[in-house]
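Quick notes on the structure that follows.
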Amino acid sequence: MTTETRYVRPPRETLDALLEEGFRAAGESARPPDATWIEVGSSTLVVLAGRTALRVARQPSVAGELRRAQALVDALPALPFAVPESTGEPVTIDGFQAIPTLLVEGEPHPPNEGDPEPIRDLLEAVHSLDPGPLRPHLAQPRSFMGGADWEQVLRDRVVELLSPNLQDEARRRIDALAGLEPPSVVVNHGDLAGSNVLWHDGRVSGVLDWDLTALDDPAEDLSSLASWHGWALAPALADPATVARAEVFRRSVGLQQVAFSVLHDRPADEVARVVARAERHLAA
């Protein structure tokens with residue numbers, strides 16, 4: 001089974017070799033017959049087989065970040081849900097990398113609904129993590145859209161790609177994001193929703209994709225969860241000030257996705273699709 005997004009992939013021959021060596025490193029069959037392909041991630045694709053989730057970098061440029069993020073996962077303390085810890089050594093071929101990890105059981109929650117209690121518990125579990133032992137492995141805040149240079153990237157490289165009639169609205173949303181002043185920062189997952197949060201019997205069973213985890217505003221994770229489960233739930237998940245900041249993050253998501261595509265030199269057709277999606281968000 002494959003979920004396809006048309007993101008860039010390693011060359012076919014390289015990808016085949018990564019899968020063979022990666023599954024062998026995890027103690028699985030080198031050519032699993034019933035693998036499931038998950039392609040929704042913009043930085044990695046994931047192939048599931050047996051007890052293994054093999055994460056494959058889409059480009060050589062993200063291999064270092066993939067290793068750093070996996071070191072973070074392997075350094076996490078015990079949590080009330082499973083995480084995809086390493087199950088074998090990384091494999092590198094032609095600059096591309098694959099890392100075998102534990103296949104975490106569960107299913108994504110249906111969108112636009114949810115019980116506030118387990119969602120609050122999830123936020124508390126992540127945001128109460130002690131940053132001390134994790135600090136060497138944390139991402140730079142807002143690394144998805146340029147890290148310390150995120151504002152300049154959005155203003156100078158993203159806005160110009162948009163239709164002229166939407167550029168002022170984009171600048172207003174960038175202004176709002178730049179003006180946020182959180183009372184404190186926490187260990188923030190950075191992409192806490194959708195297929196990255198797995199559920200079983202009404203509880204969170206696993207959390208995946210810790211690549212963007214950084215010390216940042218907890219409103220960013222709230223924004224992801226509320227966008228997935230429905231904004232009507234947001235007031236039951238956090239205080240009004242955090243909800244208000246989360247709305248600012250939500251309104252900038254399309255621009256962030258364009259920034260990622262530009263920073264990683266994605267193919268022109270992929271950039272065009274992301275820009276079109278951002279324009280729909282801006283016009284809504």
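Going by the structure tokens order, chains are called A, B, ..., each with residues numbered from 1, while ligands are numbered from 1 in the order shown.
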So that I can see what lies close to His264 of chain A, please list as a CSV table (one decimal) with C-alpha atoms, in the first residue's frame the residues with an atom at most 12 Å from it, counting only C-alpha atoms and leaving out residues fewer than 2 positions away in the same chain.
chain,number,residue,atom,x,y,z
A,7,TYR,CA,7.5,14.7,-3.1
A,8,VAL,CA,11.1,14.2,-4.4
A,42,SER,CA,8.2,16.2,3.2
A,43,SER,CA,11.7,15.3,4.5
A,58,ARG,CA,14.4,12.2,0.5
A,59,GLN,CA,17.5,14.2,-0.2
A,60,PRO,CA,21.2,14.0,0.9
A,61,SER,CA,20.9,17.4,2.4
A,62,VAL,CA,18.6,16.2,5.2
A,143,SER,CA,14.1,25.2,11.5
A,144,PHE,CA,11.4,24.1,9.1
A,145,MET,CA,11.2,27.6,7.7
A,146,GLY,CA,14.8,28.8,8.1
A,257,GLN,CA,5.6,25.0,3.8
A,258,VAL,CA,6.7,27.2,0.9
A,259,ALA,CA,9.8,28.2,2.9
A,260,PHE,CA,10.7,24.6,3.4
A,261,SER,CA,10.4,23.8,-0.3
A,262,VAL,CA,12.5,26.8,-1.3
A,266,ARG,CA,12.7,21.2,-4.3
A,267,PRO,CA,11.7,20.7,-7.9
A,268,ALA,CA,9.8,23.5,-9.6
A,270,GLU,CA,6.6,20.6,-6.1
A,271,VAL,CA,7.2,24.3,-5.2
Show me, as a PDB file with all heavy atoms, in the first residue's frame, the residues that have an atom within 9 Å of segment 166-178 of chain A when counting only C-alpha atoms, minus same-chain residues fewer than 2 positions from it.
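Contents of the output file around_20.pdb:
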ATOM      1  N   GLU A 151      12.265  34.692   9.532  1.00  0.00           N
ATOM      2  CA  GLU A 151      11.486  35.869   9.119  1.00  0.00           C
ATOM      3  C   GLU A 151      11.999  36.420   7.787  1.00  0.00           C
ATOM      4  O   GLU A 151      11.203  36.762   6.884  1.00  0.00           O
ATOM      5  CB  GLU A 151      11.544  36.944  10.199  1.00  0.00           C
ATOM      6  CG  GLU A 151      10.625  38.131   9.893  1.00  0.00           C
ATOM      7  CD  GLU A 151      10.615  39.162  11.002  1.00  0.00           C
ATOM      8  OE1 GLU A 151      11.196  38.919  12.086  1.00  0.00           O
ATOM      9  OE2 GLU A 151      10.011  40.239  10.790  1.00  0.00           O
ATOM     10  N   LEU A 154      10.842  34.152   4.913  1.00  0.00           N
ATOM     11  CA  LEU A 154       9.439  34.356   4.544  1.00  0.00           C
ATOM     12  C   LEU A 154       9.258  35.660   3.778  1.00  0.00           C
ATOM     13  O   LEU A 154       8.562  35.709   2.754  1.00  0.00           O
ATOM     14  CB  LEU A 154       8.552  34.348   5.783  1.00  0.00           C
ATOM     15  CG  LEU A 154       8.404  33.024   6.540  1.00  0.00           C
ATOM     16  CD1 LEU A 154       7.363  33.175   7.648  1.00  0.00           C
ATOM     17  CD2 LEU A 154       8.019  31.879   5.634  1.00  0.00           C
ATOM     18  N   ARG A 155       9.869  36.726   4.265  1.00  0.00           N
ATOM     19  CA  ARG A 155       9.657  38.042   3.635  1.00  0.00           C
ATOM     20  C   ARG A 155      10.349  38.140   2.268  1.00  0.00           C
ATOM     21  O   ARG A 155       9.788  38.718   1.331  1.00  0.00           O
ATOM     22  CB  ARG A 155      10.178  39.149   4.555  1.00  0.00           C
ATOM     23  CG  ARG A 155       9.393  39.295   5.855  1.00  0.00           C
ATOM     24  CD  ARG A 155       9.790  40.559   6.595  1.00  0.00           C
ATOM     25  NE  ARG A 155       9.233  40.609   7.927  1.00  0.00           N
ATOM     26  CZ  ARG A 155       7.972  40.962   8.205  1.00  0.00           C
ATOM     27  NH1 ARG A 155       7.145  41.271   7.232  1.00  0.00           N
ATOM     28  NH2 ARG A 155       7.540  40.992   9.458  1.00  0.00           N
ATOM     29  N   VAL A 159       7.274  35.491  -0.068  1.00  0.00           N
ATOM     30  CA  VAL A 159       6.234  36.439  -0.483  1.00  0.00           C
ATOM     31  C   VAL A 159       6.287  36.689  -1.981  1.00  0.00           C
ATOM     32  O   VAL A 159       5.250  36.764  -2.655  1.00  0.00           O
ATOM     33  CB  VAL A 159       6.358  37.765   0.302  1.00  0.00           C
ATOM     34  CG1 VAL A 159       5.419  38.819  -0.271  1.00  0.00           C
ATOM     35  CG2 VAL A 159       6.043  37.539   1.783  1.00  0.00           C
ATOM     36  N   GLU A 160       7.484  36.781  -2.535  1.00  0.00           N
ATOM     37  CA  GLU A 160       7.607  37.085  -3.964  1.00  0.00           C
ATOM     38  C   GLU A 160       7.045  35.989  -4.867  1.00  0.00           C
ATOM     39  O   GLU A 160       6.769  36.235  -6.043  1.00  0.00           O
ATOM     40  CB  GLU A 160       9.068  37.335  -4.321  1.00  0.00           C
ATOM     41  CG  GLU A 160       9.952  36.098  -4.218  1.00  0.00           C
ATOM     42  CD  GLU A 160      11.396  36.375  -4.616  1.00  0.00           C
ATOM     43  OE1 GLU A 160      11.734  37.556  -4.807  1.00  0.00           O
ATOM     44  OE2 GLU A 160      12.166  35.390  -4.739  1.00  0.00           O
ATOM     45  N   LEU A 161       6.869  34.791  -4.346  1.00  0.00           N
ATOM     46  CA  LEU A 161       6.339  33.686  -5.140  1.00  0.00           C
ATOM     47  C   LEU A 161       4.813  33.693  -5.200  1.00  0.00           C
ATOM     48  O   LEU A 161       4.222  32.956  -5.993  1.00  0.00           O
ATOM     49  CB  LEU A 161       6.808  32.346  -4.565  1.00  0.00           C
ATOM     50  CG  LEU A 161       8.320  32.109  -4.521  1.00  0.00           C
ATOM     51  CD1 LEU A 161       8.620  30.766  -3.870  1.00  0.00           C
ATOM     52  CD2 LEU A 161       8.900  32.168  -5.927  1.00  0.00           C
ATOM     53  N   LEU A 162       4.194  34.520  -4.378  1.00  0.00           N
ATOM     54  CA  LEU A 162       2.736  34.544  -4.265  1.00  0.00           C
ATOM     55  C   LEU A 162       2.122  35.509  -5.273  1.00  0.00           C
ATOM     56  O   LEU A 162       2.775  36.445  -5.742  1.00  0.00           O
ATOM     57  CB  LEU A 162       2.336  34.956  -2.855  1.00  0.00           C
ATOM     58  CG  LEU A 162       2.895  34.105  -1.710  1.00  0.00           C
ATOM     59  CD1 LEU A 162       2.624  34.789  -0.379  1.00  0.00           C
ATOM     60  CD2 LEU A 162       2.305  32.693  -1.735  1.00  0.00           C
ATOM     61  N   SER A 163       0.850  35.297  -5.559  1.00  0.00           N
ATOM     62  CA  SER A 163       0.120  36.234  -6.410  1.00  0.00           C
ATOM     63  C   SER A 163       0.150  37.621  -5.778  1.00  0.00           C
ATOM     64  O   SER A 163       0.016  37.751  -4.557  1.00  0.00           O
ATOM     65  CB  SER A 163      -1.324  35.771  -6.574  1.00  0.00           C
ATOM     66  OG  SER A 163      -1.376  34.493  -7.182  1.00  0.00           O
ATOM     67  N   PRO A 164       0.319  38.683  -6.573  1.00  0.00           N
ATOM     68  CA  PRO A 164       0.423  40.040  -6.013  1.00  0.00           C
ATOM     69  C   PRO A 164      -0.739  40.408  -5.095  1.00  0.00           C
ATOM     70  O   PRO A 164      -0.532  41.110  -4.099  1.00  0.00           O
ATOM     71  CB  PRO A 164       0.455  40.930  -7.262  1.00  0.00           C
ATOM     72  CG  PRO A 164       1.051  40.057  -8.318  1.00  0.00           C
ATOM     73  CD  PRO A 164       0.532  38.671  -8.045  1.00  0.00           C
ATOM     74  N   LEU A 180       4.859  37.581  18.138  1.00  0.00           N
ATOM     75  CA  LEU A 180       4.481  36.731  19.268  1.00  0.00           C
ATOM     76  C   LEU A 180       5.508  36.820  20.392  1.00  0.00           C
ATOM     77  O   LEU A 180       6.723  36.819  20.148  1.00  0.00           O
ATOM     78  CB  LEU A 180       4.371  35.268  18.822  1.00  0.00           C
ATOM     79  CG  LEU A 180       3.188  34.900  17.928  1.00  0.00           C
ATOM     80  CD1 LEU A 180       3.211  33.410  17.618  1.00  0.00           C
ATOM     81  CD2 LEU A 180       1.866  35.280  18.572  1.00  0.00           C
ATOM     82  N   GLU A 181       5.018  36.865  21.619  1.00  0.00           N
ATOM     83  CA  GLU A 181       5.884  36.892  22.792  1.00  0.00           C
ATOM     84  C   GLU A 181       5.386  35.864  23.798  1.00  0.00           C
ATOM     85  O   GLU A 181       4.629  36.183  24.715  1.00  0.00           O
ATOM     86  CB  GLU A 181       5.898  38.289  23.410  1.00  0.00           C
ATOM     87  CG  GLU A 181       6.513  39.356  22.505  1.00  0.00           C
ATOM     88  CD  GLU A 181       6.610  40.707  23.175  1.00  0.00           C
ATOM     89  OE1 GLU A 181       6.261  40.795  24.379  1.00  0.00           O
ATOM     90  OE2 GLU A 181       7.045  41.662  22.522  1.00  0.00           O
ATOM     91  N   ARG A 245      -2.226  32.672  20.438  1.00  0.00           N
ATOM     92  CA  ARG A 245      -0.945  32.523  19.749  1.00  0.00           C
ATOM     93  C   ARG A 245      -0.988  31.347  18.773  1.00  0.00           C
ATOM     94  O   ARG A 245      -0.402  31.398  17.688  1.00  0.00           O
ATOM     95  CB  ARG A 245       0.201  32.335  20.752  1.00  0.00           C
ATOM     96  CG  ARG A 245       0.429  33.523  21.676  1.00  0.00           C
ATOM     97  CD  ARG A 245       1.796  33.481  22.353  1.00  0.00           C
ATOM     98  NE  ARG A 245       2.120  32.197  22.942  1.00  0.00           N
ATOM     99  CZ  ARG A 245       1.718  31.781  24.130  1.00  0.00           C
ATOM    100  NH1 ARG A 245       0.925  32.567  24.896  1.00  0.00           N
ATOM    101  NH2 ARG A 245       2.069  30.601  24.594  1.00  0.00           N
ATOM    102  N   VAL A 248      -2.219  32.290  15.429  1.00  0.00           N
ATOM    103  CA  VAL A 248      -1.206  32.965  14.598  1.00  0.00           C
ATOM    104  C   VAL A 248      -0.346  31.926  13.884  1.00  0.00           C
ATOM    105  O   VAL A 248      -0.046  32.059  12.691  1.00  0.00           O
ATOM    106  CB  VAL A 248      -0.350  33.904  15.464  1.00  0.00           C
ATOM    107  CG1 VAL A 248       0.788  34.497  14.638  1.00  0.00           C
ATOM    108  CG2 VAL A 248      -1.213  35.012  16.060  1.00  0.00           C
ATOM    109  N   PHE A 249       0.065  30.878  14.600  1.00  0.00           N
ATOM    110  CA  PHE A 249       0.823  29.807  13.955  1.00  0.00           C
ATOM    111  C   PHE A 249       0.002  29.158  12.842  1.00  0.00           C
ATOM    112  O   PHE A 249       0.512  28.894  11.749  1.00  0.00           O
ATOM    113  CB  PHE A 249       1.226  28.748  14.983  1.00  0.00           C
ATOM    114  CG  PHE A 249       2.453  29.084  15.770  1.00  0.00           C
ATOM    115  CD1 PHE A 249       2.353  29.534  17.080  1.00  0.00           C
ATOM    116  CD2 PHE A 249       3.713  28.950  15.213  1.00  0.00           C
ATOM    117  CE1 PHE A 249       3.479  29.845  17.817  1.00  0.00           C
ATOM    118  CE2 PHE A 249       4.853  29.255  15.936  1.00  0.00           C
ATOM    119  CZ  PHE A 249       4.736  29.709  17.247  1.00  0.00           C
ATOM    120  N   ARG A 251      -2.286  30.339  10.968  1.00  0.00           N
ATOM    121  CA  ARG A 251      -2.458  31.183   9.784  1.00  0.00           C
ATOM    122  C   ARG A 251      -1.173  31.321   8.960  1.00  0.00           C
ATOM    123  O   ARG A 251      -1.212  31.823   7.842  1.00  0.00           O
ATOM    124  CB  ARG A 251      -2.972  32.559  10.221  1.00  0.00           C
ATOM    125  CG  ARG A 251      -4.421  32.514  10.708  1.00  0.00           C
ATOM    126  CD  ARG A 251      -4.847  33.815  11.363  1.00  0.00           C
ATOM    127  NE  ARG A 251      -4.702  34.972  10.494  1.00  0.00           N
ATOM    128  CZ  ARG A 251      -5.565  35.333   9.547  1.00  0.00           C
ATOM    129  NH1 ARG A 251      -6.640  34.575   9.328  1.00  0.00           N
ATOM    130  NH2 ARG A 251      -5.383  36.414   8.819  1.00  0.00           N
ATOM    131  N   SER A 252      -0.050  30.850   9.501  1.00  0.00           N
ATOM    132  CA  SER A 252       1.210  30.956   8.762  1.00  0.00           C
ATOM    133  C   SER A 252       1.694  29.623   8.196  1.00  0.00           C
ATOM    134  O   SER A 252       2.747  29.571   7.549  1.00  0.00           O
ATOM    135  CB  SER A 252       2.310  31.521   9.673  1.00  0.00           C
ATOM    136  OG  SER A 252       2.694  30.577  10.652  1.00  0.00           O
ATOM    137  N   LEU A 255       2.684  29.404   4.454  1.00  0.00           N
ATOM    138  CA  LEU A 255       3.918  30.123   4.163  1.00  0.00           C
ATOM    139  C   LEU A 255       5.137  29.328   4.635  1.00  0.00           C
ATOM    140  O   LEU A 255       6.179  29.307   3.960  1.00  0.00           O
ATOM    141  CB  LEU A 255       3.899  31.489   4.846  1.00  0.00           C
ATOM    142  CG  LEU A 255       2.750  32.428   4.434  1.00  0.00           C
ATOM    143  CD1 LEU A 255       2.759  33.683   5.294  1.00  0.00           C
ATOM    144  CD2 LEU A 255       2.837  32.783   2.959  1.00  0.00           C
ATOM    145  N   GLU A 279      -1.589  29.758  -1.176  1.00  0.00           N
ATOM    146  CA  GLU A 279      -2.493  30.812  -1.662  1.00  0.00           C
ATOM    147  C   GLU A 279      -3.936  30.521  -1.300  1.00  0.00           C
ATOM    148  O   GLU A 279      -4.714  31.443  -0.979  1.00  0.00           O
ATOM    149  CB  GLU A 279      -2.317  30.970  -3.172  1.00  0.00           C
ATOM    150  CG  GLU A 279      -0.974  31.589  -3.542  1.00  0.00           C
ATOM    151  CD  GLU A 279      -0.801  31.806  -5.032  1.00  0.00           C
ATOM    152  OE1 GLU A 279      -1.444  31.074  -5.822  1.00  0.00           O
ATOM    153  OE2 GLU A 279      -0.040  32.717  -5.398  1.00  0.00           O
ATOM    154  N   LEU A 282      -4.271  31.588   2.279  1.00  0.00           N
ATOM    155  CA  LEU A 282      -4.279  33.044   2.412  1.00  0.00           C
ATOM    156  C   LEU A 282      -5.621  33.648   1.975  1.00  0.00           C
ATOM    157  O   LEU A 282      -6.066  34.658   2.531  1.00  0.00           O
ATOM    158  CB  LEU A 282      -3.155  33.661   1.570  1.00  0.00           C
ATOM    159  CG  LEU A 282      -1.729  33.419   2.084  1.00  0.00           C
ATOM    160  CD1 LEU A 282      -0.713  33.800   1.017  1.00  0.00           C
ATOM    161  CD2 LEU A 282      -1.471  34.208   3.363  1.00  0.00           C
ATOM    162  N   ALA A 283      -6.218  33.048   0.977  1.00  0.00           N
ATOM    163  CA  ALA A 283      -7.485  33.583   0.439  1.00  0.00           C
ATOM    164  C   ALA A 283      -8.683  33.169   1.277  1.00  0.00           C
ATOM    165  O   ALA A 283      -9.762  33.757   1.146  1.00  0.00           O
ATOM    166  CB  ALA A 283      -7.666  33.110  -1.000  1.00  0.00           C
TER     167      ALA A 283
END
Q: Excluding Leu129 of chain A and residues on its chain fewer than 3 positions from it, collect all residues at most 10 Å away from it, counting only C-alpha atoms, and give them as a PyMOL selection string.
A: chain A and resi 76-77+79+124-126+132-134+186-188
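Closest to Ala236 of chain A among A:Ala139, A:Leu212, A:Ala193, A:Ile119 is A:Ile119, based on only C-alpha atoms.
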Q) Any idea what's packed within 7 Å of Leu198 of chain A, counting only C-alpha atoms, ignoring anything in its chain fewer than 4 positions away? Could you give it as a ChimeraX atom specification? A) /A:106-109,204-207
Q: Find the distance between atom CA of Gln70 of chain A and atom CA of Thr101 of chain A and write it in Å to one decimal.
A: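 Computing it gives 8.8 Å between the two atoms.
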Q) Could you pull out all residues of segment 19-219 of chain A with a DSSP call of alpha helix (DSSP H) and give them as a ChimeraX atom specification? A) /A:19-25,63-75,116-127,131-134,150-153,164-178,219
**Q.** Atom-to-atom span, atom CA of Val73 of chain A and atom CA of Val197 of chain A, Å
**A.**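 Separating atom CA of Val73 of chain A from atom CA of Val197 of chain A is a distance of 14.6 Å.
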